[in-house]
file coords21.txt (compact mmCIF, C-alpha atoms and all ligand atoms)
# COMPACT_ATOMS: atom_id res chain seq x y z
CA MET A 23 28.94 -22.34 5.26
CA VAL A 24 28.77 -18.89 3.63
CA ASP A 25 29.22 -15.89 5.91
CA PRO A 26 25.83 -14.11 5.76
CA VAL A 27 27.53 -10.74 5.37
CA LEU A 28 29.30 -11.96 2.21
CA ARG A 29 25.99 -12.87 0.61
CA LEU A 30 25.21 -9.24 0.02
CA GLY A 31 27.19 -8.34 -3.08
CA ALA A 32 27.80 -4.85 -4.45
CA GLY A 33 24.62 -2.81 -4.69
CA GLY A 34 22.71 -5.05 -2.27
CA ARG A 35 22.64 -8.00 -4.66
CA LEU A 36 22.53 -11.67 -3.72
CA ASN A 37 24.89 -12.71 -6.53
CA GLU A 38 26.68 -15.53 -4.79
CA SER A 39 23.61 -17.24 -3.36
CA THR A 40 21.51 -20.19 -4.35
CA ILE A 41 18.17 -19.83 -2.62
CA VAL A 42 15.45 -22.48 -2.52
CA VAL A 43 11.94 -21.12 -2.05
CA THR A 44 9.47 -23.75 -0.84
CA GLY A 45 5.94 -22.74 -1.75
CA GLY A 46 7.47 -20.60 -4.49
CA ALA A 47 4.48 -21.01 -6.82
CA GLY A 48 2.11 -19.62 -4.20
CA PHE A 49 0.79 -16.12 -3.57
CA ILE A 50 3.66 -14.79 -1.45
CA GLY A 51 6.21 -17.27 -2.82
CA SER A 52 5.90 -16.15 -6.42
CA HIS A 53 6.51 -12.50 -5.46
CA VAL A 54 9.49 -13.59 -3.35
CA VAL A 55 10.95 -15.61 -6.26
CA ALA A 56 10.69 -12.59 -8.57
CA ARG A 57 12.28 -10.25 -6.02
CA LEU A 58 15.17 -12.63 -5.24
CA LEU A 59 15.88 -13.09 -8.97
CA ALA A 60 15.95 -9.32 -9.34
CA ALA A 61 18.50 -9.20 -6.49
CA GLY A 62 20.75 -11.53 -8.47
CA ALA A 63 20.17 -14.81 -6.60
CA THR A 64 20.01 -18.20 -8.27
CA VAL A 65 16.52 -19.32 -7.30
CA LYS A 66 15.05 -22.84 -7.10
CA VAL A 67 11.45 -23.68 -6.25
CA ILE A 68 9.84 -26.60 -4.43
CA ASP A 69 6.04 -26.64 -4.59
CA ASP A 70 3.38 -29.36 -4.80
CA LEU A 71 0.94 -26.93 -6.50
CA SER A 72 -1.76 -27.77 -3.96
CA THR A 73 -2.72 -24.09 -3.79
CA GLY A 74 0.07 -22.56 -5.87
CA ARG A 75 0.07 -22.30 -9.66
CA LEU A 76 2.84 -22.46 -12.24
CA GLU A 77 1.18 -19.49 -13.92
CA ASN A 78 2.33 -17.40 -10.92
CA LEU A 79 5.92 -18.04 -12.02
CA ARG A 80 5.39 -17.06 -15.67
CA ASP A 81 7.21 -13.72 -15.36
CA SER A 82 10.06 -15.29 -13.38
CA LEU A 83 10.50 -17.97 -16.07
CA GLY A 84 11.48 -15.17 -18.42
CA ALA A 85 13.75 -13.54 -15.84
CA GLY A 86 16.29 -16.12 -14.76
CA LEU A 87 14.20 -19.04 -13.52
CA ALA A 88 14.39 -22.15 -15.72
CA GLU A 89 11.94 -25.06 -15.76
CA PRO A 90 14.45 -27.51 -14.18
CA ASP A 91 14.66 -25.04 -11.27
CA ILE A 92 11.09 -25.95 -10.31
CA ARG A 93 10.60 -29.25 -8.48
CA ILE A 94 6.93 -30.19 -8.16
CA CYS A 95 6.82 -32.23 -4.98
CA ASP A 96 5.62 -32.28 -1.40
CA VAL A 97 7.92 -30.80 1.26
CA ARG A 98 7.28 -34.00 3.26
CA SER A 99 8.68 -36.19 0.48
CA THR A 100 12.07 -37.70 -0.27
CA ASP A 101 11.93 -35.81 -3.59
CA ALA A 102 12.17 -32.57 -1.60
CA VAL A 103 15.11 -33.96 0.38
CA ASP A 104 16.82 -34.99 -2.86
CA ALA A 105 16.29 -31.56 -4.43
CA ILE A 106 17.81 -29.70 -1.47
CA ARG A 107 20.68 -32.20 -1.35
CA LEU A 108 21.31 -31.62 -5.08
CA TRP A 109 21.01 -27.85 -5.05
CA ARG A 110 22.93 -27.30 -1.78
CA PRO A 111 21.43 -23.82 -1.24
CA GLU A 112 23.03 -21.28 1.08
CA ILE A 113 19.53 -20.16 2.05
CA VAL A 114 16.10 -21.80 2.13
CA VAL A 115 13.03 -19.58 2.27
CA HIS A 116 10.43 -21.94 3.71
CA LEU A 117 6.94 -20.76 2.78
CA ALA A 118 5.21 -24.03 1.80
CA ALA A 119 2.42 -24.62 4.28
CA GLN A 120 -1.20 -25.27 4.92
CA SER A 121 -1.84 -21.57 5.43
CA ASN A 122 -5.56 -21.35 6.07
CA LEU A 123 -6.71 -20.89 9.67
CA PRO A 124 -10.33 -22.11 9.25
CA ALA A 125 -9.07 -25.18 7.33
CA SER A 126 -6.77 -25.97 10.25
CA THR A 127 -9.72 -26.08 12.65
CA ARG A 128 -11.50 -28.54 10.32
CA SER A 129 -8.42 -30.76 9.83
CA PRO A 130 -5.81 -30.19 12.55
CA LEU A 131 -4.05 -33.41 11.54
CA VAL A 132 -3.50 -32.33 7.94
CA ASP A 133 -2.34 -28.91 9.14
CA ALA A 134 0.14 -30.44 11.61
CA ASP A 135 1.41 -32.94 9.07
CA ILE A 136 2.25 -30.31 6.46
CA ASN A 137 3.33 -27.50 8.77
CA ILE A 138 5.27 -29.50 11.36
CA ARG A 139 6.44 -32.68 9.62
CA GLY A 140 7.03 -30.76 6.36
CA THR A 141 9.12 -28.17 8.19
CA VAL A 142 11.18 -30.81 10.01
CA ASN A 143 11.83 -32.57 6.69
CA VAL A 144 13.00 -29.27 5.15
CA LEU A 145 15.19 -28.44 8.18
CA ASP A 146 16.71 -31.90 8.19
CA SER A 147 17.57 -31.55 4.51
CA CYS A 148 19.06 -28.10 5.19
CA ALA A 149 21.30 -29.58 7.91
CA GLU A 150 22.48 -32.25 5.49
CA ALA A 151 23.09 -29.73 2.69
CA GLU A 152 24.91 -27.36 5.10
CA THR A 153 22.40 -24.61 4.40
CA GLY A 154 23.35 -21.75 6.72
CA LEU A 155 20.08 -19.84 6.93
CA VAL A 156 16.37 -20.58 6.80
CA VAL A 157 13.95 -17.69 6.37
CA TYR A 158 10.63 -18.94 7.66
CA ALA A 159 7.10 -17.54 7.26
CA ALA A 160 5.49 -17.43 10.69
CA THR A 161 2.15 -15.79 11.38
CA SER A 162 0.61 -13.37 13.89
CA ALA A 163 -1.65 -16.33 14.81
CA ILE A 164 1.23 -17.56 17.04
CA TYR A 165 0.45 -14.72 19.47
CA GLY A 166 -3.21 -15.76 19.83
CA THR A 167 -5.65 -13.47 21.59
CA VAL A 168 -3.92 -10.37 22.94
CA ASP A 169 -5.07 -7.73 25.40
CA GLY A 170 -5.90 -4.39 23.88
CA ASP A 171 -3.01 -2.69 25.68
CA ALA A 172 -0.55 -5.24 24.21
CA VAL A 173 -1.37 -4.08 20.66
CA PRO A 174 0.86 -3.56 18.66
CA VAL A 175 2.36 -6.91 19.66
CA ALA A 176 6.14 -7.16 19.97
CA GLU A 177 8.22 -10.32 19.39
CA THR A 178 8.69 -10.60 23.16
CA ALA A 179 4.96 -11.31 23.65
CA PRO A 180 3.95 -14.78 24.85
CA ILE A 181 3.49 -17.37 22.12
CA ALA A 182 -0.11 -18.42 22.84
CA PRO A 183 -1.87 -19.65 19.69
CA THR A 184 -5.61 -20.28 19.77
CA SER A 185 -5.92 -22.28 16.52
CA PRO A 186 -4.32 -25.45 15.12
CA TYR A 187 -2.70 -23.27 12.42
CA GLY A 188 -1.14 -21.02 15.08
CA LEU A 189 -0.08 -24.11 17.03
CA SER A 190 1.63 -25.78 14.07
CA LYS A 191 3.43 -22.57 13.14
CA ALA A 192 4.50 -22.02 16.77
CA THR A 193 5.74 -25.62 17.00
CA ALA A 194 7.80 -25.13 13.85
CA LEU A 195 9.54 -22.25 15.65
CA LYS A 196 10.65 -24.67 18.38
CA TYR A 197 12.16 -26.93 15.71
CA LEU A 198 13.90 -23.91 14.18
CA ASP A 199 15.47 -23.25 17.62
CA TRP A 200 16.55 -26.89 17.85
CA TYR A 201 18.12 -27.00 14.38
CA ARG A 202 19.90 -23.69 15.07
CA ASP A 203 21.28 -24.95 18.39
CA HIS A 204 22.14 -28.52 17.35
CA ARG A 205 22.57 -28.57 13.57
CA SER A 206 24.01 -25.09 12.75
CA VAL A 207 21.02 -24.09 10.63
CA ASP A 208 20.37 -20.49 11.65
CA TYR A 209 17.00 -18.85 11.05
CA THR A 210 14.96 -15.71 10.76
CA ALA A 211 11.23 -16.27 11.27
CA LEU A 212 9.23 -13.44 9.77
CA VAL A 213 5.96 -13.10 11.66
CA LEU A 214 3.71 -11.90 8.87
CA GLY A 215 0.60 -9.82 9.40
CA ASN A 216 -2.31 -10.17 6.95
CA VAL A 217 -0.59 -10.22 3.58
CA TYR A 218 -2.63 -9.09 0.58
CA GLY A 219 -2.02 -8.29 -3.08
CA PRO A 220 -2.17 -9.66 -6.63
CA ARG A 221 -2.30 -13.48 -7.08
CA GLN A 222 -4.10 -14.06 -3.78
CA VAL A 223 -6.95 -16.11 -5.20
CA GLY A 224 -9.22 -19.03 -4.40
CA PRO A 225 -12.01 -19.72 -1.93
CA MET A 226 -9.68 -19.62 1.10
CA CYS A 227 -7.62 -16.50 0.42
CA GLY A 228 -7.43 -13.55 2.81
CA VAL A 229 -10.03 -10.88 3.47
CA VAL A 230 -8.80 -8.38 0.83
CA GLY A 231 -8.53 -11.10 -1.84
CA LEU A 232 -11.96 -12.53 -1.03
CA MET A 233 -13.58 -9.10 -1.11
CA ALA A 234 -11.83 -8.18 -4.38
CA GLN A 235 -13.02 -11.44 -5.96
CA ALA A 236 -16.57 -10.91 -4.70
CA ALA A 237 -16.65 -7.34 -6.03
CA MET A 238 -15.60 -8.58 -9.49
CA THR A 239 -18.52 -10.99 -9.66
CA GLY A 240 -20.99 -8.43 -8.32
CA GLY A 241 -21.35 -10.48 -5.12
CA HIS A 242 -21.52 -9.36 -1.50
CA LEU A 243 -18.32 -8.52 0.39
CA ALA A 244 -18.42 -10.97 3.29
CA ILE A 245 -17.56 -9.45 6.66
CA PHE A 246 -17.06 -12.29 9.14
CA GLY A 247 -18.41 -11.08 12.51
CA ASP A 248 -19.28 -7.45 13.23
CA GLY A 249 -16.48 -5.94 11.11
CA HIS A 250 -14.91 -4.15 14.09
CA GLN A 251 -12.21 -6.82 14.52
CA THR A 252 -8.82 -5.44 13.54
CA ARG A 253 -5.94 -6.87 11.52
CA ASP A 254 -2.57 -5.63 10.40
CA PHE A 255 -2.45 -5.57 6.59
CA VAL A 256 0.80 -5.60 4.65
CA PHE A 257 1.20 -5.53 0.87
CA VAL A 258 2.86 -8.57 -0.73
CA ALA A 259 5.62 -6.60 -2.49
CA ASP A 260 6.65 -5.19 0.89
CA VAL A 261 6.78 -8.74 2.28
CA ALA A 262 8.96 -9.88 -0.65
CA GLU A 263 11.27 -6.96 0.15
CA ALA A 264 11.44 -8.05 3.81
CA VAL A 265 12.27 -11.65 2.82
CA THR A 266 15.06 -10.37 0.56
CA ALA A 267 16.43 -8.21 3.37
CA ALA A 268 16.31 -11.25 5.69
CA CYS A 269 18.36 -13.22 3.14
CA THR A 270 21.14 -10.67 3.41
CA THR A 271 21.58 -10.81 7.19
CA GLY A 272 22.38 -13.57 9.66
CA GLY A 273 19.72 -15.37 11.68
CA LEU A 274 17.66 -12.92 13.70
CA GLY A 275 15.04 -15.19 15.31
CA LEU A 276 11.56 -13.67 15.33
CA VAL A 277 10.93 -10.48 13.35
CA ASN A 278 7.45 -9.02 12.85
CA ILE A 279 6.61 -7.94 9.29
CA ALA A 280 3.44 -5.89 9.00
CA SER A 281 2.34 -2.27 8.93
CA GLY A 282 2.17 -1.70 12.68
CA VAL A 283 -1.35 -0.29 12.21
CA GLU A 284 -4.72 -1.77 13.19
CA THR A 285 -7.35 -1.68 10.44
CA THR A 286 -10.89 -2.97 10.89
CA VAL A 287 -12.33 -5.48 8.45
CA GLY A 288 -15.18 -3.00 7.92
CA GLU A 289 -12.65 -0.38 6.76
CA ILE A 290 -11.24 -2.90 4.27
CA ALA A 291 -14.75 -3.44 2.87
CA VAL A 292 -15.07 0.31 2.29
CA LEU A 293 -11.66 0.51 0.56
CA VAL A 294 -12.47 -2.46 -1.70
CA SER A 295 -15.90 -1.03 -2.59
CA GLN A 296 -14.30 2.32 -3.44
CA ALA A 297 -11.57 0.70 -5.57
CA ALA A 298 -13.98 -1.67 -7.33
CA GLY A 299 -16.86 0.79 -7.63
CA ALA A 300 -19.16 -2.00 -6.44
CA GLY A 301 -19.85 -4.61 -3.79
CA THR A 302 -22.12 -4.40 -0.79
CA PRO A 303 -20.90 -5.75 2.55
CA ARG A 304 -22.87 -8.56 4.23
CA HIS A 305 -22.12 -10.03 7.67
CA ALA A 306 -21.38 -13.75 8.19
CA ASP A 307 -20.39 -15.90 11.19
CA PRO A 308 -16.79 -15.43 12.41
CA PRO A 309 -14.53 -18.50 12.12
CA LEU A 310 -13.53 -20.48 15.21
CA GLY A 311 -10.36 -19.25 16.93
CA GLU A 312 -10.48 -15.81 15.35
CA VAL A 313 -8.75 -13.10 17.39
CA ARG A 314 -10.40 -9.73 18.05
CA ARG A 315 -7.51 -7.31 17.65
CA MET A 316 -4.16 -7.56 15.95
CA ALA A 317 -1.35 -5.26 14.97
CA LEU A 318 2.35 -6.02 15.12
CA ASP A 319 5.15 -3.86 16.46
CA ILE A 320 7.60 -3.60 13.54
CA SER A 321 10.46 -1.73 15.30
CA ARG A 322 12.71 -4.81 15.20
CA ALA A 323 12.28 -5.14 11.43
CA MET A 324 13.10 -1.46 11.01
CA ASP A 325 16.18 -1.69 13.27
CA LEU A 326 17.62 -5.04 12.17
CA LEU A 327 16.50 -5.37 8.55
CA GLY A 328 16.34 -1.68 7.69
CA TRP A 329 12.87 -2.51 6.39
CA HIS A 330 9.58 -0.69 6.55
CA PRO A 331 6.43 -1.08 4.44
CA THR A 332 6.16 1.45 1.63
CA THR A 333 2.76 0.69 0.09
CA PRO A 334 -0.14 2.66 1.60
CA LEU A 335 -3.20 0.47 2.27
CA ALA A 336 -5.55 2.30 -0.13
CA GLU A 337 -2.95 2.04 -2.91
CA GLY A 338 -2.34 -1.67 -2.22
CA VAL A 339 -6.08 -2.37 -2.28
CA ARG A 340 -6.40 -0.52 -5.61
CA ILE A 341 -3.57 -2.62 -7.10
CA THR A 342 -5.21 -5.82 -5.78
CA VAL A 343 -8.62 -4.91 -7.21
CA ARG A 344 -7.02 -4.00 -10.55
CA ALA A 345 -5.28 -7.40 -10.67
CA ALA A 346 -8.56 -9.19 -9.84
CA ARG A 347 -10.31 -7.26 -12.62
CA ARG A 348 -7.58 -8.18 -15.13
CA ARG A 349 -7.80 -11.84 -14.10
CA ASP A 350 -11.54 -11.75 -14.49
CA SER A 351 -11.42 -10.23 -17.98
CA ILE A 352 -8.81 -12.81 -19.11
CA LYS A 353 -11.09 -15.58 -17.75
CA GLU A 354 -14.08 -14.16 -19.62
CA ALA A 355 -12.12 -13.85 -22.89
CA SER A 356 -10.85 -17.43 -22.80
N1 LIG A 401 -1.09 -14.79 3.30
C1 LIG A 401 -0.95 -14.38 4.54
O1 LIG A 401 -1.62 -13.42 4.97
C2 LIG A 401 0.03 -15.04 5.47
C3 LIG A 401 0.15 -14.53 6.77
C4 LIG A 401 1.05 -15.12 7.64
C5 LIG A 401 1.83 -16.16 7.23
N2 LIG A 401 1.70 -16.65 5.97
C6 LIG A 401 2.53 -17.78 5.58
O2 LIG A 401 3.19 -17.47 4.36
C7 LIG A 401 3.40 -18.66 3.61
C8 LIG A 401 2.86 -18.50 2.21
O3 LIG A 401 1.46 -18.29 2.28
P1 LIG A 401 0.58 -17.81 1.06
O4 LIG A 401 -0.40 -16.83 1.58
O5 LIG A 401 1.43 -17.42 -0.08
O6 LIG A 401 -0.24 -19.13 0.75
P2 LIG A 401 -0.26 -20.04 -0.55
O7 LIG A 401 -1.21 -21.15 -0.25
O8 LIG A 401 -0.50 -19.23 -1.77
O9 LIG A 401 1.21 -20.58 -0.61
C9 LIG A 401 1.62 -21.81 -0.09
C10 LIG A 401 2.39 -22.52 -1.18
O10 LIG A 401 2.89 -23.74 -0.64
C11 LIG A 401 2.55 -24.82 -1.49
N3 LIG A 401 2.37 -26.00 -0.63
C12 LIG A 401 1.40 -26.22 0.28
N4 LIG A 401 1.60 -27.40 0.88
C13 LIG A 401 2.73 -27.93 0.33
C14 LIG A 401 3.44 -29.13 0.53
N5 LIG A 401 3.03 -30.06 1.42
N6 LIG A 401 4.56 -29.35 -0.18
C15 LIG A 401 4.98 -28.44 -1.12
N7 LIG A 401 4.33 -27.29 -1.35
C16 LIG A 401 3.22 -27.03 -0.63
C17 LIG A 401 1.26 -24.40 -2.18
O11 LIG A 401 1.06 -25.08 -3.41
C18 LIG A 401 1.51 -22.91 -2.37
O12 LIG A 401 2.19 -22.65 -3.57
C19 LIG A 401 2.75 -19.79 4.41
O13 LIG A 401 3.73 -20.42 5.17
C20 LIG A 401 1.77 -19.06 5.31
O14 LIG A 401 1.50 -19.79 6.49
C21 LIG A 401 0.82 -16.12 5.08
call {"tool": "encode", "arguments": {"input": "coords21.txt", "output": "structure tokens"}}
result
Amino acid sequence: MVDPVLRLGAGGRLNESTIVVTGGAGFIGSHVVARLLAAGATVKVIDDLSTGRLENLRDSLGAGLAEPDIRICDVRSTDAVDAIRLWRPEIVVHLAAQSNLPASTRSPLVDADINIRGTVNVLDSCAEAETGLVVYAATSAIYGTVDGDAVPVAETAPIAPTSPYGLSKATALKYLDWYRDHRSVDYTALVLGNVYGPRQVGPMCGVVGLMAQAAMTGGHLAIFGDGHQTRDFVFVADVAEAVTAACTTGGLGLVNIASGVETTVGEIAVLVSQAAGAGTPRHADPPLGEVRRMALDISRAMDLLGWHPTTPLAEGVRITVRAARRRDSIKEAS
């Protein structure tokens, strides 16, 4: 097993490491792949393209990623096991998941199957391949509903999910503990706030992505509930930076990755309207299991990873809207 400290080559590069990114063709995954390649890692991708797209990896294909480095398969499959066995990565960044909270309330079984069984299959393969470190994408949904005075939430807060998605992600953490204690697969679980940025598309993407898409089509910006509910928004490039930092340290357990700041959904609607120059907010029913307030305490990330977010919210929203506009004009031209 490679000493984690040795992974960080001169100039903070990951030269000696092979890193598998599950879910690497997805929104966050594709940014992580690009960032890890830039840090000098040899990167491999496992993705079933259920929500991800090969197009997201276009830039990485010209920057060190080759087509045989992408294995299109389900993380629950023997193909995924075979790929990890073949590649023998020092690190696996496990992002592949059913990542939509409302979808998890409609189909808890599907959510559990992908997020729990898929994770166990990946961890089992890591144990067999002697992978020393798994960097896992957890979610603030593991903390559930928190009292106002507990915001921002620290990693020491009770794990009390209120949705099937939060439950499956919290259960995966228990498996990470077990594989660390009994199979020498160490882990860092990054508890991500609401991640937003370019490539977050589709009918089930996050609030910033949905509003940016709606503004492009001249539609209404949907505010679920009264708009006073708060979330902790973090730009995707900052998350990719945090994942890269986590790949250069040993297993740290839970580490919150967010901005540390509460922002209301209503404020996001204003920022998107300003950036897009259009879009009127309209209120809709809140989804089941939605929490009222959320912000994460990021002191641990700052202390242990030397990480802090660098993209101001208004700037990140502008970049996201610009990307949505570009996507829209390409769609219209084709
Ligand atoms: N976006 C956020 O705000 C956010 C917040 C907290 C945590 N996360 C977590 O971050 C990770 C990435 O999320 P994202 O927002 O990029 O979503 P995404 O849907 O864009 O990415 C998930 C990727 O995993 C792939 N995938 C899904 N099921 C798979 C399976 N069974 N086998 C192989 N590949 C599969 C998809 O095709 C996709 O490329 C997820 O684990 C998610 O739970 C995301």
call {"tool": "closest_residue", "arguments": {"input": "coords21.txt", "among": "A:Ala317, A:Leu214, A:Ala244, A:Ala151", "to": "ligand LIG 401 (chain A)", "atoms": "only C-alpha atoms and all ligand atoms"}}
result
A:Leu214
call {"tool": "closest_residue", "arguments": {"input": "coords21.txt", "among": "A:Val67, A:Ala298, A:Val223, A:Val277", "to": "A:Gly241", "atoms": "all atoms listed in the file"}}
result
A:Ala298
call {"tool": "residues_near_ligand", "arguments": {"input": "coords21.txt", "ligand": "ligand LIG 401 (chain A)", "cutoff": "7 Å", "atoms": "only C-alpha atoms and all ligand atoms", "output": "PyMOL selection string"}}
result
chain A and resi 44-51+68-75+95-98+117-121+136+140+159-162+213-218+222+228
call {"tool": "closest_residue", "arguments": {"input": "coords21.txt", "among": "A:Met233, A:Leu155, A:Val168, A:Leu189", "to": "A:Ser126", "atoms": "only C-alpha atoms"}}
result
A:Leu189
call {"tool": "atom_distance", "arguments": {"input": "coords21.txt", "atom1": "atom CA of A:Leu58", "atom2": "atom CA of A:Arg80"}}
result
15.0 Å
call {"tool": "atom_distance", "arguments": {"input": "coords21.txt", "atom1": "atom CA of A:Arg57", "atom2": "atom CA of A:Asp81"}}
result
11.2 Å
call {"tool": "residues_near_point", "arguments": {"input": "coords21.txt", "point": "(19.4, -33.9, -0.1)", "cutoff": "7 Å", "atoms": "all atoms listed in the file", "output": "list in words"}}
result
Val103, Asp104, Ala105, Ile106, Arg107, Leu108, Ser147, Glu150 and Ala151 of chain A
call {"tool": "atom_distance", "arguments": {"input": "coords21.txt", "atom1": "atom CA of A:His305", "atom2": "atom CA of A:Gly247"}}
result
6.2 Å
call {"tool": "closest_residue", "arguments": {"input": "coords21.txt", "among": "A:Ile181, A:Ala346, A:Ala60, A:Val175", "to": "A:Gly282", "atoms": "only C-alpha atoms"}}
result
A:Val175
call {"tool": "residues_around", "arguments": {"input": "coords21.txt", "residues": "A:Gly224", "least_positions_apart": "4", "cutoff": "9 Å", "atoms": "all atoms listed in the file", "output": "list in words"}}
result
Thr73, Gly231, Leu232 and Gln235 of chain A
